[in-house]
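Enquirer: Pasting a structure here, questions to come.
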Amino acid sequence: MKFKIFIIISIFSINISFAQSDVWSDNTANTIEKGRKEIGLFGPLKIGLRDSLEISANPIWFIVMPHIAIKKQWNSLIGLQFASKHKITYPTLFLRALSRNGTGGILPSTSIIPQLFKLNNSIILSKEINERLTLSFNAGLDLSIGFGESNLSDIEFHFAYPRVYSFNNLLVPYAGITFTGIATEKIHYNYNLNTFILTGDNSGIIVEQQLKFDYCLSQKVKIVAGIISSYGDYPYGKDFGVFPVADIVFGF
Amino acid sequence: MKAYLLFIILAFSLLSCDPFNNIIENETNKDAAIYFTASDINIENNIADTLNIVTWNIKFGGGRIDFFFDCYDDRVLMTKEEVMTNMEAVVKKITNMNPDILFLQEIDIDSKRSAYVDQLQYILDNTGFNYAYYGSQWKSDYVPSDGIGRVNSGNAILSKYELSNAERIPLSLIDEQAGIVQYFYLRRNLLKADVKIGDKTIIALNTHTSAYSTDGTKINQLNEIKTEVDLIDSEGKDFILGGDFNTIPPNSAIYENFDDDKCADGSDFESQSFKEELTTMKMFIDNYQIAIPQAKYDLDNSKYFSFTSDKDGFWNRKLDYIFTNGNFVTNTGMVHQDVSTGGFNTMVLSDHAPVSVKYVLK
């Protein structure tokens with residue numbers, strides 16, 4: 001029983017970090033409308049500051065890993081909706097918490113964690129193919145800047161690895177494509193393919209695919225369930241991983 | 001409602017699997033007993049009258065780096081340079097011993113702690129061996145404890161001669177561990193393979209039993225090993241069994257409070273007392289031939305000690321054994337403790353010393 005609880009928490013944790021909770025904003029150039037707020041049970045709190053400006057942070061993660069993200073929708077570009085996302089994260093506290101002996105020691109207790117700041121900037125271009133399908137392209141760059149001595153080792157676990165890779169290797173460019181659509185009135189879907197380009201010590205490519213379904217109970221509640229897979233070059237060689245993602249998102 | 005049901009089914013079907021790929025017993029035998037070959041195969045046509053047999057726990061190429069589980073220091077990970085330096089020294093010692101069959105324990109093939117070096121392939125490619133079988137005793141995509149991360153470590157049987165019919169026989173898990181600890185913990189095994197030498201087949205068995213069980217699991221494991229070799233013996237087949245049994249021989253003068261134990265009382269890695277296990281190994285010693293005969297051990301325990309966790313100390317207990325239902329050449333059993341017994345200072349190579357013996361083939 002304890003094991004299953006642990007696994008459930010682990011998988012939701014992946015969702016907290018990496019999954020998106022709203023098909024109509026996160027993976028498209030759309031932002032949520034002014035005044036609207038959305039929060040997932042495990043996902044981030046998003047607030048529509050203006051009709052074209054959204055701010056988000058995960059309240060749970062914020063305590064151990066301060067971060068904030070903004071998404072700005074700009075004027076249309078050659079008939080495409082255009083938005084940019086900007087996020088800053090201070091992972092030092094979290095990495096230090098993970099550096100410990102015993103259970104939960106993701107990093108060795110001897111790890112020297114520098115003062116790290118991770119900047120993430122990306123652009124999203126969306127094209128409404130028809131009333132039921134939107135196609136989006138995204139491209140971005142993770143940039144991590146560290147101050148002080150470091151012997152930080154990689155966290156080579158499937159979905160974490162490309163997201164922490166820049167801590168030791170400065171830059172991780174990525175690009176992807178997303179299909180968001182409406183299957184039925186209540187069921188929406190989202191397919192996303194993202195490619196991370198790893199340069200430096202362990203260069204290579206990691207490709208992630210995510211397929212999620214939203215079951216919209218009402219305008220205020222939806223259940224998100226899906227699957228995420230990754231395949232690519234890890235420090236130990238090529239590997240493939242699959243995990244479920246799940247969340248309950250509230251909007252108000 | 002359909003999506004909700006889909007979510008429930010999807011989540012629980014995946015949760016009920018083995019998300020970190022830890023449970024080796026879920027694998028097919030072919031995947032659990034992995035076959036390796038050297039980059040160059042060199043078969044000797046002239047078969048000698050005796051085989052040189054060695055067992056050695058090589059501590060995942062860690063040499064004498066003080067790792068956290070020994071409580072001397074708190075190292076977890078090695079650099080590739082450290083691993084390669086240590087493995088070069090291990091290979092030199094193996095070459096020096098020139099075994100025909102080698103039982104290795106704690107050999108890493110894909111672990112973060114040893115910089116993902118495939119130590120088995122490295123040994124195969126840099127010694128006179130041609131073939132090997134490997135059985136994991138600790139395998140996980142990610143161990144979320146002590147900074148260990150990805151690990152794949154286990155037992156290997158290496159041979160100059162053809163190997164076949166390998167099997168990884170799982171041994172009992174430690175019952176007293178909580179489910180989640182057990183899931184990420186070591187899964188001990190008995191690795192078995194046929195060695196074909198000319199027209200003769202010998203069954204080689206390699207094992208490494210639990211080091212830190214206090215609930216009788218290790219005794220269960222030893223009984224399981226005994227049952228397996230008894231079965232082989234009853235079928236009239238020849239076997240050689242080697243490994244790190246984590247148990248001291250009968251008549252050991254020192255059986256607790258070893259001078260190298262630095263771990264605090266009650267710690268997960270506290271050195272155990274062998275007071276209640278002083279006769280445990282008799283089940284093998286009384287029924288089969290042993291590389292170091294009990295009478296010799298009785299005369300001077302210390303000459304046959306094969307383990308210490310203190311790099312600045314010296315071997316202080318015997319945990320490593322080789323048995324057979326055939327015959328060993330008299331007086332050929334040896335623990336390679338230092339330069340005077342084997343020509344190398346093995347103290348710097350691992351926390352275990354190699355044990356060797358000659359087996360009568362013809």
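Ligands are numbered from 1 in the order shown, residues from 1 within each chain, and chains are lettered A, B, ... in the order they appear in the structure tokens.
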Excluding Asn96 in chain B and its own-chain neighbours fewer than 2 positions away, which residues fall within 10 Å of it when counting only C-alpha atoms? Please give them as a list in words.
Expert: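 Contacts, in chain order: Val90, Val91, Lys92, Lys93, Ile94, Asn98, Pro99, Thr127, Gly342, Gly343 and Phe344 of chain B.
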Enquirer: Please provide as number ranges by chain all residues within 10 Å of Phe258 in chain B, with the sequence filter that same-chain residues fewer than 6 positions apart are discarded (counting only C-alpha atoms).
Expert: B: 271-273, 308-309, 316-317
Enquirer: How would the residues just chosen look if you wrote them out with N, CA, C and O atoms as a compact mmCIF listing (two decimals), in the first residue's frame?
Expert:
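Saved as out24.txt:
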```
# COMPACT_ATOMS: atom_id res chain seq x y z
N SER B 271 27.49 -3.79 11.10
CA SER B 271 28.05 -5.12 10.91
C SER B 271 27.32 -6.10 11.82
O SER B 271 27.10 -5.83 13.00
N GLN B 272 26.96 -7.25 11.25
CA GLN B 272 26.16 -8.18 12.03
C GLN B 272 27.03 -9.08 12.90
O GLN B 272 28.22 -9.28 12.63
N SER B 273 26.42 -9.62 13.95
CA SER B 273 27.07 -10.66 14.75
C SER B 273 26.77 -12.00 14.09
O SER B 273 25.66 -12.26 13.64
N THR B 308 37.42 -7.15 4.57
CA THR B 308 37.43 -6.07 5.57
C THR B 308 36.91 -4.81 4.89
O THR B 308 37.18 -4.57 3.70
N SER B 309 36.18 -4.01 5.62
CA SER B 309 35.69 -2.74 5.07
C SER B 309 36.68 -1.60 5.34
O SER B 309 36.48 -0.49 4.86
N ASN B 316 39.71 -9.49 7.91
CA ASN B 316 39.41 -9.91 9.28
C ASN B 316 38.27 -10.93 9.39
O ASN B 316 37.84 -11.26 10.50
N ARG B 317 37.72 -11.38 8.27
CA ARG B 317 36.76 -12.49 8.33
C ARG B 317 36.63 -13.15 6.95
O ARG B 317 36.91 -12.52 5.94
```
Enquirer: Skipping near chain neighbours, those fewer than 6 positions away, what residues fall within 10 Å of Ile41 in chain B using only C-alpha atoms, listed as a PDB file with N, CA, C and O atoms, in the first residue's frame?
Expert:
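Listing of around.pdb after writing:
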```pdb
ATOM      1  N   LEU B 124      35.831  -9.015 -19.891  1.00  0.00           N
ATOM      2  CA  LEU B 124      35.854 -10.002 -20.989  1.00  0.00           C
ATOM      3  C   LEU B 124      36.827  -9.595 -22.089  1.00  0.00           C
ATOM      4  O   LEU B 124      37.560 -10.419 -22.636  1.00  0.00           O
ATOM      5  N   ASP B 125      36.836  -8.312 -22.404  1.00  0.00           N
ATOM      6  CA  ASP B 125      37.657  -7.838 -23.527  1.00  0.00           C
ATOM      7  C   ASP B 125      39.132  -7.670 -23.169  1.00  0.00           C
ATOM      8  O   ASP B 125      39.957  -7.441 -24.047  1.00  0.00           O
ATOM      9  N   GLY B 128      41.546 -13.324 -20.598  1.00  0.00           N
ATOM     10  CA  GLY B 128      41.494 -14.481 -21.488  1.00  0.00           C
ATOM     11  C   GLY B 128      40.132 -15.145 -21.562  1.00  0.00           C
ATOM     12  O   GLY B 128      39.998 -16.220 -22.165  1.00  0.00           O
ATOM     13  N   PHE B 129      39.121 -14.531 -20.985  1.00  0.00           N
ATOM     14  CA  PHE B 129      37.787 -15.149 -21.023  1.00  0.00           C
ATOM     15  C   PHE B 129      37.114 -14.928 -22.373  1.00  0.00           C
ATOM     16  O   PHE B 129      37.352 -13.925 -23.041  1.00  0.00           O
ATOM     17  N   ASN B 130      36.235 -15.878 -22.699  1.00  0.00           N
ATOM     18  CA  ASN B 130      35.481 -15.768 -23.948  1.00  0.00           C
ATOM     19  C   ASN B 130      34.001 -15.497 -23.729  1.00  0.00           C
ATOM     20  O   ASN B 130      33.372 -14.806 -24.524  1.00  0.00           O
ATOM     21  N   TYR B 131      33.447 -16.086 -22.655  1.00  0.00           N
ATOM     22  CA  TYR B 131      31.993 -16.046 -22.476  1.00  0.00           C
ATOM     23  C   TYR B 131      31.645 -15.686 -21.036  1.00  0.00           C
ATOM     24  O   TYR B 131      32.436 -15.921 -20.117  1.00  0.00           O
ATOM     25  N   LYS B 160      36.436 -19.481 -19.966  1.00  0.00           N
ATOM     26  CA  LYS B 160      37.163 -19.607 -21.230  1.00  0.00           C
ATOM     27  C   LYS B 160      36.424 -20.577 -22.152  1.00  0.00           C
ATOM     28  O   LYS B 160      36.634 -20.585 -23.351  1.00  0.00           O
ATOM     29  N   TYR B 161      35.570 -21.392 -21.533  1.00  0.00           N
ATOM     30  CA  TYR B 161      34.873 -22.441 -22.274  1.00  0.00           C
ATOM     31  C   TYR B 161      33.412 -22.052 -22.490  1.00  0.00           C
ATOM     32  O   TYR B 161      32.867 -21.185 -21.807  1.00  0.00           O
TER      33      TYR B 161
END
```
Enquirer: Among range 94-173 of chain B, which ones does DSSP place in strand (DSSP E), written as a PyMOL selection string?
Expert: chain B and resi 101-108+131-143+149-159+162-170
Enquirer: Return as a Markdown table the residues of chain A lying at most 9 Å from chain B, together with the closest atom-to-atom pair for each and the distance in Å to one decimal, counting only C-alpha atoms, with rows in chain order and ascending residue number.
Expert:
```
| residue | atom | partner | partner_atom | distance |
| --- | --- | --- | --- | --- |
| A:Met1 | CA | B:Gly179 | CA | 7.9 |
| A:Lys2 | CA | B:Ile180 | CA | 6.6 |
| A:Phe3 | CA | B:Ile180 | CA | 4.7 |
| A:Lys4 | CA | B:Leu15 | CA | 7.1 |
| A:Phe6 | CA | B:Ile180 | CA | 8.0 |
| A:Ile7 | CA | B:Leu15 | CA | 6.9 |
| A:Ile8 | CA | B:Leu15 | CA | 7.4 |
| A:Leu98 | CA | B:Gly147 | CA | 8.3 |
| A:Ser99 | CA | B:Gly147 | CA | 7.0 |
| A:Arg100 | CA | B:Asp146 | CA | 6.1 |
| A:Asn101 | CA | B:Asp146 | CA | 4.4 |
| A:Gly102 | CA | B:Asp146 | CA | 4.9 |
| A:Thr103 | CA | B:Ser145 | CA | 4.4 |
| A:Gly104 | CA | B:Ser145 | CA | 5.1 |
| A:Gly105 | CA | B:Ser145 | CA | 4.2 |
| A:Ile106 | CA | B:Gly147 | CA | 4.6 |
| A:Leu107 | CA | B:Gly147 | CA | 3.8 |
| A:Pro108 | CA | B:Gly147 | CA | 4.0 |
| A:Ser109 | CA | B:Asp146 | CA | 6.9 |
| A:Thr110 | CA | B:Asp74 | CA | 7.1 |
| A:Ser153 | CA | B:Leu77 | CA | 9.0 |
| A:Ile155 | CA | B:Gly149 | CA | 7.5 |
| A:Glu156 | CA | B:Gly149 | CA | 7.4 |
| A:Phe157 | CA | B:Tyr142 | CA | 6.5 |
| A:His158 | CA | B:Asp141 | CA | 8.8 |
| A:Ile187 | CA | B:Ala3 | CA | 7.5 |
| A:Phe213 | CA | B:Ala3 | CA | 7.4 |
| A:Asp214 | CA | B:Ala3 | CA | 7.7 |
| A:Tyr215 | CA | B:Ala3 | CA | 5.9 |
| A:Ile223 | CA | B:Tyr4 | CA | 7.2 |
| A:Val224 | CA | B:Phe7 | CA | 7.8 |
| A:Ala225 | CA | B:Phe7 | CA | 5.2 |
| A:Gly226 | CA | B:Phe7 | CA | 7.2 |
| A:Ile227 | CA | B:Leu10 | CA | 8.4 |
| A:Pro235 | CA | B:Tyr116 | CA | 7.7 |
| A:Tyr236 | CA | B:Tyr116 | CA | 5.7 |
| A:Gly241 | CA | B:Pro19 | CA | 8.9 |
| A:Val242 | CA | B:Pro19 | CA | 8.4 |
| A:Phe243 | CA | B:Leu14 | CA | 7.4 |
| A:Pro244 | CA | B:Ala11 | CA | 6.0 |
| A:Val245 | CA | B:Ala11 | CA | 7.8 |
| A:Ala246 | CA | B:Phe7 | CA | 7.5 |
```
Enquirer: Quick one: everything within 6 Å of Pro44 in chain A, counting only C-alpha atoms, minus sequence neighbours fewer than 3 positions away in the same chain. Send it as a PDB file with N, CA and C atoms, in the first residue's frame.
Expert:
```
ATOM      1  N   ILE A  39      -6.604  26.252 -11.399  1.00  0.00           N
ATOM      2  CA  ILE A  39      -5.597  25.564 -10.581  1.00  0.00           C
ATOM      3  C   ILE A  39      -5.836  24.060 -10.634  1.00  0.00           C
ATOM      4  N   GLY A  40      -4.768  23.327 -10.804  1.00  0.00           N
ATOM      5  CA  GLY A  40      -4.875  21.879 -10.802  1.00  0.00           C
ATOM      6  C   GLY A  40      -4.625  21.356  -9.394  1.00  0.00           C
ATOM      7  N   ALA A  57       2.156  29.855 -11.566  1.00  0.00           N
ATOM      8  CA  ALA A  57       3.140  29.258 -10.665  1.00  0.00           C
ATOM      9  C   ALA A  57       2.459  28.093  -9.970  1.00  0.00           C
ATOM     10  N   ASN A  58       3.243  27.125  -9.580  1.00  0.00           N
ATOM     11  CA  ASN A  58       2.673  25.999  -8.852  1.00  0.00           C
ATOM     12  C   ASN A  58       2.828  26.256  -7.358  1.00  0.00           C
TER      13      ASN A  58
END
```
Enquirer: Which value, in Å to one decimal, gives the distance between CA of Glu235 in chain B and CA of Phe103 in chain B?
Expert: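 CA of Phe103 in chain B lies 23.2 Å from CA of Glu235 in chain B.
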Enquirer: To one decimal place, how far is CA of Tyr35 in chain B from CA of Glu88 in chain B in Å?
Expert: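 Those two atoms sit 22.6 Å apart.
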Enquirer: If you run DSSP over the backbone, which residues in range 37-203 of chain B end up alpha helix (DSSP H)? Put them as an NGL selection string.
Expert: :B and (80-97 or 119-126 or 179-184)
Enquirer: Restricting it to C-alpha atoms, dump the selection as a PDB file, in the first residue's frame.
Expert:
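Saved as out_29.pdb:
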```pdb
ATOM      1  CA  LYS B  80      34.783   7.295 -15.013  1.00  0.00           C
ATOM      2  CA  GLU B  81      38.521   7.815 -14.501  1.00  0.00           C
ATOM      3  CA  GLU B  82      38.322   6.318 -11.014  1.00  0.00           C
ATOM      4  CA  VAL B  83      36.341   3.328 -12.257  1.00  0.00           C
ATOM      5  CA  MET B  84      38.703   2.669 -15.143  1.00  0.00           C
ATOM      6  CA  THR B  85      41.773   2.960 -12.929  1.00  0.00           C
ATOM      7  CA  ASN B  86      40.278   0.470 -10.488  1.00  0.00           C
ATOM      8  CA  MET B  87      39.123  -1.881 -13.227  1.00  0.00           C
ATOM      9  CA  GLU B  88      42.571  -1.879 -14.847  1.00  0.00           C
ATOM     10  CA  ALA B  89      43.989  -3.062 -11.516  1.00  0.00           C
ATOM     11  CA  VAL B  90      41.241  -5.695 -11.171  1.00  0.00           C
ATOM     12  CA  VAL B  91      42.012  -6.955 -14.669  1.00  0.00           C
ATOM     13  CA  LYS B  92      45.724  -7.200 -13.848  1.00  0.00           C
ATOM     14  CA  LYS B  93      44.945  -9.352 -10.830  1.00  0.00           C
ATOM     15  CA  ILE B  94      42.549 -11.549 -12.823  1.00  0.00           C
ATOM     16  CA  THR B  95      45.183 -11.990 -15.512  1.00  0.00           C
ATOM     17  CA  ASN B  96      47.690 -12.872 -12.811  1.00  0.00           C
ATOM     18  CA  MET B  97      45.375 -15.581 -11.417  1.00  0.00           C
ATOM     19  CA  GLN B 119      32.558  -3.769 -16.158  1.00  0.00           C
ATOM     20  CA  LEU B 120      31.723  -7.262 -17.351  1.00  0.00           C
ATOM     21  CA  GLN B 121      32.357  -6.425 -20.999  1.00  0.00           C
ATOM     22  CA  TYR B 122      35.554  -4.620 -19.986  1.00  0.00           C
ATOM     23  CA  ILE B 123      36.849  -7.686 -18.141  1.00  0.00           C
ATOM     24  CA  LEU B 124      35.854 -10.002 -20.989  1.00  0.00           C
ATOM     25  CA  ASP B 125      37.657  -7.838 -23.527  1.00  0.00           C
ATOM     26  CA  ASN B 126      40.813  -7.472 -21.473  1.00  0.00           C
ATOM     27  CA  GLY B 179       7.257  -2.974   0.766  1.00  0.00           C
ATOM     28  CA  ILE B 180       8.698   0.142  -0.799  1.00  0.00           C
ATOM     29  CA  VAL B 181      12.176  -0.537   0.618  1.00  0.00           C
ATOM     30  CA  GLN B 182      12.034  -4.100  -0.639  1.00  0.00           C
ATOM     31  CA  TYR B 183      10.935  -2.880  -4.073  1.00  0.00           C
ATOM     32  CA  PHE B 184      14.056  -0.764  -4.474  1.00  0.00           C
TER      33      PHE B 184
END
```
Enquirer: Which one is closest to Tyr191 in chain A: A:Ser203, A:Ser136, A:Thr31, A:Ser56? Count only C-alpha atoms.
Expert: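 Closest candidate: A:Ser136.
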Enquirer: Would you please work out which residue, of B:Thr330, B:Ser114, B:Ser172, B:Ser340, is nearest to Asn152 in chain B when using only C-alpha atoms?
Expert: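 Going through B:Thr330, B:Ser114, B:Ser172, B:Ser340 one by one, the smallest distance to Asn152 in chain B is for B:Ser114.
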Enquirer: If we count only C-alpha atoms, what is near Val172 in chain A at a cut-off of 6 Å, once residues fewer than 4 positions away on the same chain are taken out, given as a list in words?
Expert: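 Counting only C-alpha atoms, the residues come to Leu141, Asp142, Ser166, Ile197 and Leu198 of chain A.
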Enquirer: Output N, CA, C and O atoms for every residue in the selection just made, as a compact mmCIF listing (two decimals), in the first residue's frame.
Expert:
```txt
# COMPACT_ATOMS: atom_id res chain seq x y z
N LEU A 141 14.14 27.70 -25.25
CA LEU A 141 15.52 27.51 -24.80
C LEU A 141 15.55 27.54 -23.27
O LEU A 141 15.05 28.47 -22.64
N ASP A 142 16.11 26.49 -22.69
CA ASP A 142 16.42 26.49 -21.26
C ASP A 142 17.84 27.03 -21.10
O ASP A 142 18.77 26.55 -21.76
N SER A 166 20.33 21.39 -18.35
CA SER A 166 20.97 22.71 -18.50
C SER A 166 21.71 23.12 -17.23
O SER A 166 22.60 23.97 -17.29
N ILE A 197 17.24 19.14 -27.44
CA ILE A 197 18.57 18.94 -28.03
C ILE A 197 19.61 19.13 -26.93
O ILE A 197 19.74 20.23 -26.37
N LEU A 198 20.30 18.04 -26.61
CA LEU A 198 21.28 18.09 -25.54
C LEU A 198 22.67 18.30 -26.14
O LEU A 198 23.09 17.53 -26.99
```
Enquirer: Can you list, as a short mmCIF file (atom, residue, chain, number, x, y, z; two decimals) with C-alpha atoms, in the first residue's frame, every protein, DNA or RNA residue that comes within 10 Å of Asn345 in chain B when you count only C-alpha atoms, leaving out same-chain residues fewer than 6 positions away?
Expert:
```
data_model
loop_
_atom_site.label_atom_id
_atom_site.label_comp_id
_atom_site.auth_asym_id
_atom_site.auth_seq_id
_atom_site.Cartn_x
_atom_site.Cartn_y
_atom_site.Cartn_z
CA LYS B 93 44.94 -9.35 -10.83
CA HIS B 336 44.88 -13.93 -2.31
CA GLN B 337 45.43 -11.70 0.68
CA ASP B 338 48.62 -9.89 -0.28
CA VAL B 339 51.89 -10.09 -2.21
CA ALA B 353 40.07 -10.82 -1.54
#
```
Enquirer: Can you work out which one of A:Gly48, A:Pro162, A:Gly200, A:Gly146 has the shortest atom-to-atom distance to Tyr90 in chain A, counting only C-alpha atoms?
Expert: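 Checking each candidate against Tyr90 in chain A, we get A:Gly146 as the closest.
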